[in-house]
file entry_11.tsv (TSV, C-alpha atoms)
chain	number	residue	atom	x	y	z
A	1	TRP	CA	0.00	0.00	0.00
A	2	SER	CA	2.88	2.36	0.71
A	3	ARG	CA	4.05	2.10	-2.88
A	4	TYR	CA	0.54	2.75	-4.14
A	5	VAL	CA	0.21	5.86	-1.99
A	6	ALA	CA	3.71	7.08	-2.84
A	7	GLU	CA	3.21	6.69	-6.57
A	8	LEU	CA	-0.02	8.70	-6.44
A	9	ASN	CA	1.45	11.42	-4.24
A	10	PRO	CA	2.81	14.30	-6.35
A	11	LYS	CA	5.07	15.46	-3.52
A	12	VAL	CA	6.88	12.12	-3.51
A	13	GLY	CA	7.19	12.32	-7.27
A	14	ALA	CA	8.73	15.74	-6.83
A	15	LEU	CA	11.44	14.19	-4.63
A	16	LEU	CA	12.29	11.78	-7.42
A	17	THR	CA	12.42	14.62	-9.92
A	18	LYS	CA	14.79	16.59	-7.70
A	19	ALA	CA	17.02	13.52	-7.35
A	20	ILE	CA	17.20	13.05	-11.11
A	21	VAL	CA	17.90	16.73	-11.77
A	22	ALA	CA	20.67	16.74	-9.15
A	23	TYR	CA	22.19	13.60	-10.67
A	24	ARG	CA	22.24	15.15	-14.13
A	25	LYS	CA	24.06	18.12	-12.67
A	26	GLU	CA	26.55	15.65	-11.11
A	27	GLN	CA	25.50	16.71	-7.62
A	28	ILE	CA	25.83	13.16	-6.33
A	29	GLU	CA	25.46	13.91	-2.62
A	30	THR	CA	22.31	15.98	-3.20
A	31	SER	CA	20.88	13.35	-5.50
A	32	ALA	CA	21.49	10.65	-2.88
A	33	LEU	CA	19.65	12.75	-0.30
A	34	TRP	CA	16.54	13.15	-2.48
A	35	TYR	CA	16.56	9.47	-3.47
A	36	THR	CA	16.81	8.51	0.20
A	37	LEU	CA	13.79	10.63	1.08
A	38	ALA	CA	11.81	9.20	-1.84
A	39	ALA	CA	12.80	5.63	-0.94
A	40	TYR	CA	11.68	5.96	2.66
A	41	CYS	CA	8.43	7.53	1.55
A	42	GLY	CA	7.65	4.21	-0.14
A	43	LEU	CA	8.65	4.87	-3.75
A	44	GLU	CA	10.21	1.54	-4.64
A	45	VAL	CA	12.01	2.63	-7.79
A	46	ALA	CA	13.97	5.07	-5.63
A	47	ASN	CA	15.49	2.12	-3.76
A	48	PHE	CA	17.12	0.77	-6.89
A	49	ASN	CA	18.21	4.20	-8.08
A	50	LEU	CA	19.76	5.00	-4.71
A	51	ALA	CA	21.53	1.63	-4.48
A	52	TYR	CA	22.89	2.03	-8.00
A	53	LEU	CA	24.01	5.57	-7.21
A	54	CYS	CA	25.89	4.40	-4.12
A	55	ASP	CA	27.35	1.50	-6.10
A	56	GLN	CA	28.65	3.61	-8.97
A	57	HIS	CA	29.69	6.72	-7.03
A	58	SER	CA	31.02	5.36	-3.75
A	59	ASN	CA	34.06	7.63	-4.17
A	60	ARG	CA	31.79	10.67	-3.93
A	61	LEU	CA	29.98	9.42	-0.85
A	62	ASN	CA	31.14	8.39	2.59
A	63	GLY	CA	32.62	4.90	2.24
A	64	ARG	CA	30.68	3.28	5.06
A	65	PHE	CA	27.45	4.99	4.06
A	66	ALA	CA	27.90	3.89	0.44
A	67	LYS	CA	28.41	0.22	1.35
A	68	GLU	CA	25.46	0.10	3.73
A	69	CYS	CA	23.38	2.05	1.23
A	70	GLU	CA	24.15	-0.45	-1.55
A	71	PHE	CA	23.18	-3.55	0.39
A	72	HIS	CA	20.18	-2.08	2.17
A	73	HIS	CA	18.53	-0.58	-0.89
A	74	TYR	CA	19.39	-3.35	-3.34
A	75	ASN	CA	17.86	-5.68	-0.77
A	76	ARG	CA	14.72	-3.55	-0.53
A	77	SER	CA	14.45	-3.34	-4.31
A	78	VAL	CA	14.37	-7.14	-4.85
A	79	TRP	CA	11.21	-7.54	-2.78
A	80	ARG	CA	9.09	-5.85	-5.42
A	81	ASP	CA	6.91	-7.80	-7.83
A	82	GLU	CA	9.26	-10.05	-9.80
A	83	ASN	CA	8.48	-8.38	-13.12
A	84	GLN	CA	9.49	-5.02	-11.63
A	85	VAL	CA	12.78	-6.16	-10.09
A	86	HIS	CA	15.85	-5.01	-12.01
A	87	ALA	CA	18.33	-7.76	-12.90
A	88	LYS	CA	21.20	-5.66	-11.55
A	89	SER	CA	19.65	-5.74	-8.07
A	90	LEU	CA	19.45	-9.52	-8.17
A	91	THR	CA	23.04	-9.86	-9.36
A	92	ARG	CA	24.33	-7.55	-6.65
A	93	MET	CA	22.41	-9.44	-3.98
A	94	GLY	CA	23.94	-12.62	-5.36
A	95	ASP	CA	27.37	-11.04	-4.95
A	96	TYR	CA	26.65	-10.10	-1.35
A	97	HIS	CA	25.55	-13.62	-0.46
A	98	SER	CA	28.27	-15.36	-2.47
A	99	LEU	CA	31.15	-13.30	-1.12
A	100	GLY	CA	29.71	-12.73	2.34
A	101	LEU	CA	30.07	-8.97	2.01
A	102	ALA	CA	27.20	-8.02	4.30
A	103	HIS	CA	26.90	-11.16	6.42
A	104	ALA	CA	27.96	-14.80	6.38
A	105	SER	CA	28.25	-16.36	2.94
A	106	ASN	CA	25.04	-18.07	1.79
A	107	LEU	CA	25.68	-20.01	-1.40
A	108	SER	CA	22.12	-21.25	-1.93
A	109	ALA	CA	20.76	-17.71	-1.66
A	110	ALA	CA	23.46	-16.46	-4.04
A	111	VAL	CA	22.58	-19.10	-6.64
A	112	ASP	CA	18.90	-18.23	-6.30
A	113	PHE	CA	19.55	-14.52	-6.90
A	114	TYR	CA	21.91	-15.21	-9.81
A	115	THR	CA	19.40	-17.60	-11.36
A	116	ARG	CA	16.65	-15.01	-11.18
A	117	ALA	CA	18.98	-12.46	-12.77
A	118	VAL	CA	19.87	-14.88	-15.58
A	119	ALA	CA	16.16	-15.38	-16.23
A	120	LYS	CA	16.01	-11.62	-16.80
A	121	GLY	CA	18.90	-11.84	-19.26
A	122	ASP	CA	21.79	-10.53	-17.17
A	123	PRO	CA	25.12	-11.88	-18.53
A	124	GLU	CA	27.03	-10.83	-15.40
A	125	ALA	CA	24.94	-13.24	-13.32
A	126	ALA	CA	25.70	-16.06	-15.78
A	127	PHE	CA	29.40	-15.21	-15.56
A	128	ASN	CA	29.31	-15.32	-11.76
A	129	LEU	CA	27.55	-18.68	-11.83
A	130	ALA	CA	30.26	-19.97	-14.17
A	131	VAL	CA	32.91	-18.82	-11.70
A	132	LEU	CA	31.11	-20.69	-8.93
A	133	ALA	CA	30.90	-23.81	-11.10
A	134	GLU	CA	34.58	-23.61	-12.01
A	135	ALA	CA	35.51	-23.27	-8.34
A	136	GLY	CA	33.42	-26.31	-7.44
A	137	ARG	CA	30.85	-24.29	-5.49
A	138	LEU	CA	28.05	-25.05	-7.94
A	139	SER	CA	27.21	-28.64	-8.80
A	140	PRO	CA	27.35	-29.62	-12.49
A	141	SER	CA	23.75	-30.85	-12.34
A	142	THR	CA	22.56	-27.45	-11.11
A	143	ALA	CA	24.58	-25.69	-13.80
A	144	ASN	CA	23.10	-27.92	-16.49
A	145	GLN	CA	19.60	-27.16	-15.24
A	146	LEU	CA	20.36	-23.45	-15.53
A	147	THR	CA	21.68	-23.67	-19.08
A	148	GLY	CA	18.83	-25.94	-20.20
A	149	ASP	CA	18.33	-27.94	-23.37
A	150	ALA	CA	19.45	-25.01	-25.53
A	151	PHE	CA	23.03	-25.91	-24.63
A	152	GLU	CA	22.69	-29.66	-24.99
A	153	GLY	CA	25.83	-30.89	-26.69
A	154	ASP	CA	27.29	-27.39	-26.77
A	155	GLY	CA	31.06	-27.63	-27.08
A	156	GLU	CA	31.15	-31.32	-27.94
A	157	GLY	CA	32.77	-30.53	-31.29
A	158	ASP	CA	35.65	-28.85	-29.47
A	159	PRO	CA	38.61	-31.15	-28.69
A	160	SER	CA	38.99	-29.54	-25.27
A	161	TRP	CA	35.45	-30.66	-24.37
A	162	LEU	CA	36.58	-34.30	-24.40
A	163	LEU	CA	39.32	-33.48	-21.91
A	164	MET	CA	37.11	-31.57	-19.48
A	165	GLY	CA	35.68	-32.97	-16.30
A	166	PRO	CA	32.06	-32.37	-15.23
A	167	ARG	CA	32.96	-29.21	-13.31
A	168	ALA	CA	34.80	-27.63	-16.23
A	169	ARG	CA	32.01	-28.57	-18.65
A	170	ALA	CA	29.44	-26.91	-16.40
A	171	ALA	CA	31.52	-23.73	-16.29
A	172	PHE	CA	32.07	-23.89	-20.06
A	173	ARG	CA	28.33	-24.01	-20.74
A	174	LEU	CA	27.64	-21.13	-18.35
A	175	TYR	CA	30.33	-19.00	-20.01
A	176	ARG	CA	28.62	-19.77	-23.32
A	177	LEU	CA	25.32	-18.67	-21.80
A	178	CYS	CA	27.02	-15.47	-20.67
A	179	GLU	CA	28.15	-14.83	-24.25
A	180	LYS	CA	24.70	-15.42	-25.68
A	181	LEU	CA	23.07	-13.10	-23.16
A	182	SER	CA	25.53	-10.32	-23.99
A	183	LYS	CA	24.13	-8.23	-26.82
A	184	THR	CA	27.19	-6.04	-27.41
A	185	GLU	CA	30.94	-6.23	-27.06
A	186	THR	CA	30.37	-6.93	-23.36
A	187	ASP	CA	30.59	-10.62	-24.21
A	188	LEU	CA	34.40	-10.24	-24.29
A	189	PRO	CA	34.93	-11.21	-20.60
A	190	CYS	CA	32.73	-14.28	-21.11
A	191	ARG	CA	34.58	-15.25	-24.27
A	192	LEU	CA	38.01	-14.74	-22.70
A	193	ALA	CA	36.99	-16.76	-19.64
A	194	ARG	CA	35.87	-19.62	-21.88
A	195	TYR	CA	39.14	-19.54	-23.84
A	196	ARG	CA	41.07	-19.46	-20.57
A	197	LEU	CA	39.16	-22.53	-19.40
A	198	LYS	CA	40.02	-24.34	-22.63
A	199	LEU	CA	43.68	-23.36	-22.32
A	200	LEU	CA	43.86	-24.56	-18.71
A	201	THR	CA	42.25	-27.83	-19.77
A	202	TYR	CA	44.91	-28.39	-22.44
A	203	ILE	CA	47.71	-27.40	-20.07
A	204	SER	CA	46.44	-29.72	-17.35
A	205	HIS	CA	46.04	-32.62	-19.77
A	206	TYR	CA	49.41	-32.28	-21.45
A	207	LEU	CA	51.19	-31.70	-18.17
A	208	ASP	CA	49.83	-35.04	-17.05
A	209	VAL	CA	51.09	-36.55	-20.31
A	210	LEU	CA	54.51	-34.94	-19.84
A	211	ARG	CA	54.69	-36.09	-16.23
A	212	GLY	CA	53.86	-39.61	-17.34
A	213	ALA	CA	56.48	-39.49	-20.09
A	214	LEU	CA	59.07	-38.09	-17.71
A	215	LEU	CA	58.35	-40.79	-15.15
A	216	ALA	CA	58.61	-43.47	-17.81
A	217	SER	CA	61.92	-41.99	-18.99
A	218	LEU	CA	63.30	-41.93	-15.46
A	219	LEU	CA	62.27	-45.53	-14.89
A	220	ALA	CA	63.86	-46.56	-18.20
A	221	LEU	CA	67.05	-44.70	-17.29
A	222	ALA	CA	67.16	-46.33	-13.87
A	223	ALA	CA	66.64	-49.76	-15.44
A	224	TRP	CA	69.38	-49.11	-18.02
A	225	ARG	CA	71.86	-48.03	-15.35
A	226	TYR	CA	71.01	-51.07	-13.28
A	227	MET	CA	71.56	-53.34	-16.26
A	228	CYS	CA	74.86	-51.63	-17.07
A	229	SER	CA	76.12	-51.99	-13.51
A	230	SER	CA	75.04	-55.63	-13.41
A	231	HIS	CA	76.82	-56.30	-16.71
A	232	ARG	CA	80.09	-54.80	-15.42
A	233	ASP	CA	79.89	-56.93	-12.30
call {"tool": "encode", "arguments": {"input": "entry_11.tsv", "output": "structure tokens"}}
result
Amino acid sequence: WSRYVAELNPKVGALLTKAIVAYRKEQIETSALWYTLAAYCGLEVANFNLAYLCDQHSNRLNGRFAKECEFHHYNRSVWRDENQVHAKSLTRMGDYHSLGLAHASNLSAAVDFYTRAVAKGDPEAAFNLAVLAEAGRLSPSTANQLTGDAFEGDGEGDPSWLLMGPRARAAFRLYRLCEKLSKTETDLPCRLARYRLKLLTYISHYLDVLRGALLASLLALAAWRYMCSSHRD
């Protein structure tokens, strides 16, 4: 009800207007003040705007205030109707829970927020899920559920795919999802991460091969020296 009242109240709308005007004039502190007033009057969109402002301009605001502002208002903004929640809010809340920035780390909550953000088309959330999968913090089965049938068999034509374990394959598919969600050149981090994963796979595989070859060579050398010493005796 507070949102309904706030959105119909012209005085609250005036607060939002003042915040926007101040932001356009690069008066960040003043803009944050007006957004704060609008947010606590019940205007939900002001929560996201204020959190984003604190996130992007923390250098212009008091450090402690900016951090508390980010978490508090991103958190308030995700409790709106799902179709009105901005993907960036969900991704940031996933970051807070994954990294334990505001409280103890909560991986299941982080995955839930990231998944909701991916459903809204946020490539950053897909990238973060891929990082979790690569680190072993996200099960391959969960990752495969997130990528869905659209990625069935994706990468199987790549030689590196045959060398990957389940964890690496899950991360590979999520990096591919990140690329497909990126509509501009912002897919570069996703693409580079996928290439890095392929390179690490090759390095790991061929290092194992080299270690095996080296061990075999050492054993052969030891056997040859033993035979030579036995022959001299």
call {"tool": "closest_residue", "arguments": {"input": "entry_11.tsv", "among": "A:Ala38, A:Ala46, A:Leu177, A:Ala32", "to": "A:Phe65", "atoms": "all atoms listed in the file"}}
result
A:Ala32
call {"tool": "atom_distance", "arguments": {"input": "entry_11.tsv", "atom1": "atom CA of A:His57", "atom2": "atom CA of A:Ala110"}}
result
24.2 Å
call {"tool": "closest_residue", "arguments": {"input": "entry_11.tsv", "among": "A:Leu61, A:Cys69, A:Val45, A:Ala126", "to": "A:Gln84", "atoms": "only C-alpha atoms"}}
result
A:Val45
call {"tool": "closest_residue", "arguments": {"input": "entry_11.tsv", "among": "A:Arg167, A:Arg137, A:His205, A:Arg191", "to": "A:Ser98", "atoms": "all atoms listed in the file"}}
result
A:Arg137
call {"tool": "closest_residue", "arguments": {"input": "entry_11.tsv", "among": "A:Leu138, A:Leu181, A:Ile20, A:Leu192", "to": "A:Pro166", "atoms": "only C-alpha atoms"}}
result
A:Leu138
call {"tool": "closest_residue", "arguments": {"input": "entry_11.tsv", "among": "A:Ala168, A:Asn49, A:Glu124, A:Ser160", "to": "A:Ala143", "atoms": "all atoms listed in the file"}}
result
A:Ala168
call {"tool": "atom_distance", "arguments": {"input": "entry_11.tsv", "atom1": "atom CA of A:Leu200", "atom2": "atom CA of A:Gly136"}}
result
15.5 Å
call {"tool": "closest_residue", "arguments": {"input": "entry_11.tsv", "among": "A:Glu68, A:Ser77, A:Glu134, A:Pro10", "to": "A:Ala193", "atoms": "all atoms listed in the file"}}
result
A:Glu134
call {"tool": "atom_distance", "arguments": {"input": "entry_11.tsv", "atom1": "atom CA of A:Ala125", "atom2": "atom CA of A:Thr91"}}
result
5.5 Å
call {"tool": "residues_around", "arguments": {"input": "entry_11.tsv", "residues": "A:Leu33", "least_positions_apart": "4", "cutoff": "8 Å", "atoms": "only C-alpha atoms", "output": "NGL selection string"}}
result
:A and (19 or 29 or 37)
call {"tool": "residues_around", "arguments": {"input": "entry_11.tsv", "residues": "A:Lys11", "least_positions_apart": "5", "cutoff": "12 Å", "atoms": "all atoms listed in the file", "output": "list in words"}}
result
Val5, Ala6, Leu16, Thr17, Lys18, Trp34, Leu37, Ala38, Cys41 and Leu43 of chain A
call {"tool": "residues_around", "arguments": {"input": "entry_11.tsv", "residues": "A:Tyr74", "least_positions_apart": "5", "cutoff": "12 Å", "atoms": "all atoms listed in the file", "output": "PDB file with C-alpha atoms, in the frame of the given file"}}
result
ATOM      1  CA  ALA A  39      12.800   5.630  -0.940  1.00  0.00           C
ATOM      2  CA  GLU A  44      10.210   1.540  -4.640  1.00  0.00           C
ATOM      3  CA  VAL A  45      12.010   2.630  -7.790  1.00  0.00           C
ATOM      4  CA  ALA A  46      13.970   5.070  -5.630  1.00  0.00           C
ATOM      5  CA  ASN A  47      15.490   2.120  -3.760  1.00  0.00           C
ATOM      6  CA  PHE A  48      17.120   0.770  -6.890  1.00  0.00           C
ATOM      7  CA  ASN A  49      18.210   4.200  -8.080  1.00  0.00           C
ATOM      8  CA  LEU A  50      19.760   5.000  -4.710  1.00  0.00           C
ATOM      9  CA  ALA A  51      21.530   1.630  -4.480  1.00  0.00           C
ATOM     10  CA  TYR A  52      22.890   2.030  -8.000  1.00  0.00           C
ATOM     11  CA  LEU A  53      24.010   5.570  -7.210  1.00  0.00           C
ATOM     12  CA  CYS A  54      25.890   4.400  -4.120  1.00  0.00           C
ATOM     13  CA  ASP A  55      27.350   1.500  -6.100  1.00  0.00           C
ATOM     14  CA  ALA A  66      27.900   3.890   0.440  1.00  0.00           C
ATOM     15  CA  LYS A  67      28.410   0.220   1.350  1.00  0.00           C
ATOM     16  CA  GLU A  68      25.460   0.100   3.730  1.00  0.00           C
ATOM     17  CA  CYS A  69      23.380   2.050   1.230  1.00  0.00           C
ATOM     18  CA  TRP A  79      11.210  -7.540  -2.780  1.00  0.00           C
ATOM     19  CA  ARG A  80       9.090  -5.850  -5.420  1.00  0.00           C
ATOM     20  CA  VAL A  85      12.780  -6.160 -10.090  1.00  0.00           C
ATOM     21  CA  HIS A  86      15.850  -5.010 -12.010  1.00  0.00           C
ATOM     22  CA  ALA A  87      18.330  -7.760 -12.900  1.00  0.00           C
ATOM     23  CA  LYS A  88      21.200  -5.660 -11.550  1.00  0.00           C
ATOM     24  CA  SER A  89      19.650  -5.740  -8.070  1.00  0.00           C
ATOM     25  CA  LEU A  90      19.450  -9.520  -8.170  1.00  0.00           C
ATOM     26  CA  THR A  91      23.040  -9.860  -9.360  1.00  0.00           C
ATOM     27  CA  ARG A  92      24.330  -7.550  -6.650  1.00  0.00           C
ATOM     28  CA  MET A  93      22.410  -9.440  -3.980  1.00  0.00           C
ATOM     29  CA  GLY A  94      23.940 -12.620  -5.360  1.00  0.00           C
ATOM     30  CA  ASP A  95      27.370 -11.040  -4.950  1.00  0.00           C
ATOM     31  CA  TYR A  96      26.650 -10.100  -1.350  1.00  0.00           C
ATOM     32  CA  ALA A 102      27.200  -8.020   4.300  1.00  0.00           C
ATOM     33  CA  PHE A 113      19.550 -14.520  -6.900  1.00  0.00           C
TER      34      PHE A 113
END
call {"tool": "residues_around", "arguments": {"input": "entry_11.tsv", "residues": "A:Leu197", "least_positions_apart": "6", "cutoff": "12 Å", "atoms": "only C-alpha atoms", "output": "ChimeraX atom specification"}}
result
/A:130-131,133-135,160-161,163-165,167-176,190-191,203-204
call {"tool": "write_last_selection", "arguments": {"input": "entry_11.tsv", "atoms": "C-alpha atoms", "output": "PDB file, keeping the file's coordinate frame"}}
result
ATOM      1  CA  ALA A 130      30.260 -19.970 -14.170  1.00  0.00           C
ATOM      2  CA  VAL A 131      32.910 -18.820 -11.700  1.00  0.00           C
ATOM      3  CA  ALA A 133      30.900 -23.810 -11.100  1.00  0.00           C
ATOM      4  CA  GLU A 134      34.580 -23.610 -12.010  1.00  0.00           C
ATOM      5  CA  ALA A 135      35.510 -23.270  -8.340  1.00  0.00           C
ATOM      6  CA  SER A 160      38.990 -29.540 -25.270  1.00  0.00           C
ATOM      7  CA  TRP A 161      35.450 -30.660 -24.370  1.00  0.00           C
ATOM      8  CA  LEU A 163      39.320 -33.480 -21.910  1.00  0.00           C
ATOM      9  CA  MET A 164      37.110 -31.570 -19.480  1.00  0.00           C
ATOM     10  CA  GLY A 165      35.680 -32.970 -16.300  1.00  0.00           C
ATOM     11  CA  ARG A 167      32.960 -29.210 -13.310  1.00  0.00           C
ATOM     12  CA  ALA A 168      34.800 -27.630 -16.230  1.00  0.00           C
ATOM     13  CA  ARG A 169      32.010 -28.570 -18.650  1.00  0.00           C
ATOM     14  CA  ALA A 170      29.440 -26.910 -16.400  1.00  0.00           C
ATOM     15  CA  ALA A 171      31.520 -23.730 -16.290  1.00  0.00           C
ATOM     16  CA  PHE A 172      32.070 -23.890 -20.060  1.00  0.00           C
ATOM     17  CA  ARG A 173      28.330 -24.010 -20.740  1.00  0.00           C
ATOM     18  CA  LEU A 174      27.640 -21.130 -18.350  1.00  0.00           C
ATOM     19  CA  TYR A 175      30.330 -19.000 -20.010  1.00  0.00           C
ATOM     20  CA  ARG A 176      28.620 -19.770 -23.320  1.00  0.00           C
ATOM     21  CA  CYS A 190      32.730 -14.280 -21.110  1.00  0.00           C
ATOM     22  CA  ARG A 191      34.580 -15.250 -24.270  1.00  0.00           C
ATOM     23  CA  ILE A 203      47.710 -27.400 -20.070  1.00  0.00           C
ATOM     24  CA  SER A 204      46.440 -29.720 -17.350  1.00  0.00           C
TER      25      SER A 204
END
call {"tool": "build_atoms", "arguments": {"input": "entry_11.tsv", "residues": "stretch 52-65 of chain A", "atoms": "N, CA and C atoms", "output": "mmCIF file, in the coordinates of the input"}}
result
data_model
loop_
_atom_site.group_PDB
_atom_site.id
_atom_site.type_symbol
_atom_site.label_atom_id
_atom_site.label_comp_id
_atom_site.auth_asym_id
_atom_site.auth_seq_id
_atom_site.Cartn_x
_atom_site.Cartn_y
_atom_site.Cartn_z
ATOM 1 N N TYR A 52 22.015 1.927 -6.823
ATOM 2 C CA TYR A 52 22.890 2.030 -8.000
ATOM 3 C C TYR A 52 23.792 3.260 -7.895
ATOM 4 N N LEU A 53 23.232 4.340 -7.397
ATOM 5 C CA LEU A 53 24.010 5.570 -7.210
ATOM 6 C C LEU A 53 25.157 5.337 -6.234
ATOM 7 N N CYS A 54 24.854 4.689 -5.115
ATOM 8 C CA CYS A 54 25.890 4.400 -4.120
ATOM 9 C C CYS A 54 26.920 3.419 -4.663
ATOM 10 N N ASP A 55 26.466 2.501 -5.497
ATOM 11 C CA ASP A 55 27.350 1.500 -6.100
ATOM 12 C C ASP A 55 28.334 2.152 -7.064
ATOM 13 N N GLN A 56 27.831 3.021 -7.909
ATOM 14 C CA GLN A 56 28.650 3.610 -8.970
ATOM 15 C C GLN A 56 29.444 4.832 -8.533
ATOM 16 N N HIS A 57 29.033 5.465 -7.443
ATOM 17 C CA HIS A 57 29.690 6.720 -7.030
ATOM 18 C C HIS A 57 30.115 6.660 -5.566
ATOM 19 N N SER A 58 30.605 5.502 -5.152
ATOM 20 C CA SER A 58 31.020 5.360 -3.750
ATOM 21 C C SER A 58 32.165 6.318 -3.404
ATOM 22 N N ASN A 59 32.957 6.700 -4.421
ATOM 23 C CA ASN A 59 34.060 7.630 -4.170
ATOM 24 C C ASN A 59 33.576 9.033 -3.837
ATOM 25 N N ARG A 60 32.346 9.342 -4.219
ATOM 26 C CA ARG A 60 31.790 10.670 -3.930
ATOM 27 C C ARG A 60 31.007 10.695 -2.623
ATOM 28 N N LEU A 61 30.765 9.522 -2.078
ATOM 29 C CA LEU A 61 29.980 9.420 -0.850
ATOM 30 C C LEU A 61 30.860 8.837 0.255
ATOM 31 N N ASN A 62 30.427 8.995 1.475
ATOM 32 C CA ASN A 62 31.140 8.390 2.590
ATOM 33 C C ASN A 62 31.220 6.883 2.388
ATOM 34 N N GLY A 63 32.417 6.308 2.544
ATOM 35 C CA GLY A 63 32.620 4.900 2.240
ATOM 36 C C GLY A 63 31.679 3.969 2.975
ATOM 37 N N ARG A 64 31.546 4.161 4.276
ATOM 38 C CA ARG A 64 30.680 3.280 5.060
ATOM 39 C C ARG A 64 29.221 3.464 4.667
ATOM 40 N N PHE A 65 28.826 4.719 4.470
ATOM 41 C CA PHE A 65 27.450 4.990 4.060
ATOM 42 C C PHE A 65 27.162 4.328 2.712
#
